[in-house]
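K.L.:
Pasting in a structure now, in structure tokens, and then I'll have a few things to ask.
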Amino acid sequence: MRDDGGMEICIEASDLPGSGPGFACAPEAGPVYVGVQRKDRPGEVLEPHRGDAPSAVWTLECVARTTADGVELTGRYVQDRLGGRFVYLSWGTLDGHGVFSMFRRAKLMLADVDAAVLDAAAGSGRLVARLGLSDARGGPLCGRVRPGDVAWTAETPG
């Protein structure tokens with residue numbers, strides 16, 4: 001961890017479902033995009049990738065603080081609601097002016113990260129999430145992403 005507590009969360013996504021439309025949860029306007037939602041701003045996403053991209057990667061700057069309960073992460077893209085801190089991957093469409101309209105989200109719960117992994121990430125400066133973004137029916141992954149569907153590791157930035 002840097003002296004200022006700074007670290008990064010890197011989300012590496014594969015197995016994107018396609019760009020729709022045609023998904024049961026998607027509006028008929030297409031194509032479909034996925035990006036990381038900024039805290040408390042559903043219409044603002046970081047680096048939207050088309051749903052038919054071969055992969056997608058996002059790097060989020062955050063701050064790690066050690067508390068009595070363990071490592072706590074905060075930042076522009078870390079949501080903080082009842083139930084804990086998390087990162088939203090938002091699915092939506094972009095209009096002709098680049099305005100994002102969200103229709104579904106996947107939630108990566110930071111409380112689901114093993115405490116030893118989170119401690120190691122605070123020390124190394126990087127927490128990495130690897131996951132596929134297609135659900136069991138081949139559509140966009142939505143809802144809470146459970147352990148086993150996302151692999152969290154601590155790595156050295158580079």
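Identifiers in the structure tokens: chain A, B, ... in order shown; residue index from 1 per chain; ligand index from 1 in order shown.
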Which residues, written as a PyMOL selection string, have at least one atom at most 10 Å from region 80-83 of chain A, with only C-alpha atoms counted and residues fewer than 4 positions away on the same chain left out?

P.N.:
chain A and resi 39-40+73-75+87+109+111

K.L.:
Contacts of region 155-158 of chain A at 9 Å or less, counting only C-alpha atoms, minus same-chain residues fewer than 5 places along, as an MDAnalysis selection string?

P.N.:
chainID A and resid 7:8 120:121 123:128

K.L.:
Given the choices A:Ile11, A:Val99, A:Cys62, A:Ala106, which gets closest to Ala151 (chain A) if the distance is worked out from only C-alpha atoms?

P.N.:
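Using only C-alpha atoms, the shortest distance to Ala151 (chain A) belongs to A:Ile11.
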
K.L.:
Could you pull out the residues in chain A that DSSP calls helix (DSSP H, G or I) from the backbone, as a list in words?

P.N.:
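After running DSSP on the backbone, chain A has helix (DSSP H, G or I) at Leu110, Ala111, Asp112, Ala115, Ala116, Val117, Leu118, Asp119, Ala120, Ala121, Ala122, Gly123 and Ser124 of chain A.
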
K.L.:
Please report the interatomic distance between CA of Arg146 (chain A) and CA of Gly84 (chain A) in Å with one decimal.

P.N.:
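Between CA of Arg146 (chain A) and CA of Gly84 (chain A) the gap works out to 14.3 Å.
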
K.L.:
List every residue of chain A that DSSP, applied to the backbone of this structure, places in strand (DSSP E), and write the result as a PyMOL selection string.

P.N.:
chain A and resi 6-14+32-38+41-50+55-67+70-74+79-81+84-94+100-109+126-132+143-144+150-155

K.L.:
Take the residues just selected and output them with C-alpha atoms as a PDB file, in the first residue's frame.

P.N.:
```pdb
ATOM      1  CA  GLY A   6      -3.831   4.268  -2.265  1.00  0.00           C
ATOM      2  CA  MET A   7      -4.351   1.033  -4.124  1.00  0.00           C
ATOM      3  CA  GLU A   8      -6.264  -0.211  -7.123  1.00  0.00           C
ATOM      4  CA  ILE A   9      -9.015  -2.663  -7.848  1.00  0.00           C
ATOM      5  CA  CYS A  10      -8.632  -4.326 -11.237  1.00  0.00           C
ATOM      6  CA  ILE A  11     -11.659  -6.100 -12.715  1.00  0.00           C
ATOM      7  CA  GLU A  12     -10.851  -8.543 -15.512  1.00  0.00           C
ATOM      8  CA  ALA A  13     -13.945  -9.805 -17.294  1.00  0.00           C
ATOM      9  CA  SER A  14     -14.285 -12.503 -19.932  1.00  0.00           C
ATOM     10  CA  VAL A  32     -25.580  -3.370 -25.008  1.00  0.00           C
ATOM     11  CA  TYR A  33     -22.584  -2.059 -23.026  1.00  0.00           C
ATOM     12  CA  VAL A  34     -21.100  -2.803 -19.611  1.00  0.00           C
ATOM     13  CA  GLY A  35     -19.080  -0.448 -17.415  1.00  0.00           C
ATOM     14  CA  VAL A  36     -18.254   0.262 -13.776  1.00  0.00           C
ATOM     15  CA  GLN A  37     -20.816   2.596 -12.209  1.00  0.00           C
ATOM     16  CA  ARG A  38     -19.541   5.655 -10.382  1.00  0.00           C
ATOM     17  CA  ARG A  41     -24.391   8.004 -10.282  1.00  0.00           C
ATOM     18  CA  PRO A  42     -26.181   5.253 -12.242  1.00  0.00           C
ATOM     19  CA  GLY A  43     -25.827   7.119 -15.542  1.00  0.00           C
ATOM     20  CA  GLU A  44     -22.062   7.546 -15.225  1.00  0.00           C
ATOM     21  CA  VAL A  45     -19.926   4.512 -16.004  1.00  0.00           C
ATOM     22  CA  LEU A  46     -16.199   4.055 -16.393  1.00  0.00           C
ATOM     23  CA  GLU A  47     -15.009   2.798 -19.777  1.00  0.00           C
ATOM     24  CA  PRO A  48     -18.127   1.139 -21.202  1.00  0.00           C
ATOM     25  CA  HIS A  49     -17.289  -1.955 -23.273  1.00  0.00           C
ATOM     26  CA  ARG A  50     -19.633  -3.481 -25.835  1.00  0.00           C
ATOM     27  CA  SER A  55     -12.916  -9.214 -22.741  1.00  0.00           C
ATOM     28  CA  ALA A  56     -13.065  -6.077 -20.612  1.00  0.00           C
ATOM     29  CA  VAL A  57     -10.722  -4.638 -17.989  1.00  0.00           C
ATOM     30  CA  TRP A  58     -11.285  -1.770 -15.578  1.00  0.00           C
ATOM     31  CA  THR A  59      -8.791  -0.325 -13.085  1.00  0.00           C
ATOM     32  CA  LEU A  60     -10.266   1.634 -10.192  1.00  0.00           C
ATOM     33  CA  GLU A  61      -8.232   3.863  -7.892  1.00  0.00           C
ATOM     34  CA  CYS A  62      -9.248   3.491  -4.269  1.00  0.00           C
ATOM     35  CA  VAL A  63      -8.003   3.987  -0.714  1.00  0.00           C
ATOM     36  CA  ALA A  64      -7.439   1.150   1.758  1.00  0.00           C
ATOM     37  CA  ARG A  65      -7.749   1.821   5.473  1.00  0.00           C
ATOM     38  CA  THR A  66      -7.228  -0.660   8.255  1.00  0.00           C
ATOM     39  CA  THR A  67     -10.097  -0.588  10.764  1.00  0.00           C
ATOM     40  CA  GLY A  70     -10.338  -5.277   8.755  1.00  0.00           C
ATOM     41  CA  VAL A  71      -9.412  -3.481   5.544  1.00  0.00           C
ATOM     42  CA  GLU A  72     -11.983  -0.986   4.286  1.00  0.00           C
ATOM     43  CA  LEU A  73     -11.912   0.298   0.692  1.00  0.00           C
ATOM     44  CA  THR A  74     -13.291   3.642  -0.470  1.00  0.00           C
ATOM     45  CA  GLN A  79     -20.516   1.951  -3.422  1.00  0.00           C
ATOM     46  CA  ASP A  80     -21.345   2.043   0.293  1.00  0.00           C
ATOM     47  CA  ARG A  81     -24.841   0.918   1.204  1.00  0.00           C
ATOM     48  CA  GLY A  84     -21.482  -3.307   2.851  1.00  0.00           C
ATOM     49  CA  ARG A  85     -19.197  -1.904   0.210  1.00  0.00           C
ATOM     50  CA  PHE A  86     -19.314  -3.130  -3.376  1.00  0.00           C
ATOM     51  CA  VAL A  87     -18.642  -2.303  -7.015  1.00  0.00           C
ATOM     52  CA  TYR A  88     -21.423  -2.225  -9.609  1.00  0.00           C
ATOM     53  CA  LEU A  89     -20.917  -3.485 -13.150  1.00  0.00           C
ATOM     54  CA  SER A  90     -23.780  -1.773 -14.987  1.00  0.00           C
ATOM     55  CA  TRP A  91     -25.376  -2.998 -18.202  1.00  0.00           C
ATOM     56  CA  GLY A  92     -26.997  -0.459 -20.455  1.00  0.00           C
ATOM     57  CA  THR A  93     -27.199   1.295 -23.776  1.00  0.00           C
ATOM     58  CA  LEU A  94     -25.526   4.438 -25.111  1.00  0.00           C
ATOM     59  CA  PHE A 100     -25.627   5.738 -20.720  1.00  0.00           C
ATOM     60  CA  SER A 101     -29.016   4.247 -19.741  1.00  0.00           C
ATOM     61  CA  MET A 102     -28.638   1.402 -17.251  1.00  0.00           C
ATOM     62  CA  PHE A 103     -31.083  -1.517 -17.292  1.00  0.00           C
ATOM     63  CA  ARG A 104     -29.326  -4.107 -15.047  1.00  0.00           C
ATOM     64  CA  ARG A 105     -26.344  -4.379 -12.713  1.00  0.00           C
ATOM     65  CA  ALA A 106     -24.032  -6.998 -11.257  1.00  0.00           C
ATOM     66  CA  LYS A 107     -22.788  -6.396  -7.715  1.00  0.00           C
ATOM     67  CA  LEU A 108     -19.247  -7.366  -6.634  1.00  0.00           C
ATOM     68  CA  MET A 109     -19.370  -7.420  -2.818  1.00  0.00           C
ATOM     69  CA  ARG A 126      -3.721  -4.248  -6.046  1.00  0.00           C
ATOM     70  CA  LEU A 127      -6.887  -6.323  -5.663  1.00  0.00           C
ATOM     71  CA  VAL A 128      -7.928  -8.251  -8.787  1.00  0.00           C
ATOM     72  CA  ALA A 129     -11.376  -9.685  -9.576  1.00  0.00           C
ATOM     73  CA  ARG A 130     -11.668 -12.187 -12.449  1.00  0.00           C
ATOM     74  CA  LEU A 131     -15.092 -13.237 -13.657  1.00  0.00           C
ATOM     75  CA  GLY A 132     -17.194 -14.181 -16.638  1.00  0.00           C
ATOM     76  CA  GLY A 143     -27.447  -9.469  -9.279  1.00  0.00           C
ATOM     77  CA  ARG A 144     -24.985 -10.298  -6.545  1.00  0.00           C
ATOM     78  CA  VAL A 150     -15.631 -14.318  -9.128  1.00  0.00           C
ATOM     79  CA  ALA A 151     -12.012 -15.042  -8.151  1.00  0.00           C
ATOM     80  CA  TRP A 152     -10.324 -12.398  -5.983  1.00  0.00           C
ATOM     81  CA  THR A 153      -6.516 -12.235  -5.746  1.00  0.00           C
ATOM     82  CA  ALA A 154      -3.881  -9.849  -4.432  1.00  0.00           C
ATOM     83  CA  GLU A 155      -1.220  -8.873  -6.960  1.00  0.00           C
TER      84      GLU A 155
END
```

K.L.:
Between CA of Gly18 (chain A) and CA of Gly51 (chain A), what distance in Å does the model show, to one decimal?

P.N.:
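Interatomic distance, CA of Gly18 (chain A) to CA of Gly51 (chain A): 4.5 Å.
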
K.L.:
Ranking A:Ala122, A:Ala115, A:Ala53, A:Val145 by minimum distance to Leu16 (chain A) and counting only C-alpha atoms, which one comes first?

P.N.:
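Of all the options, A:Ala53 lies closest to Leu16 (chain A).
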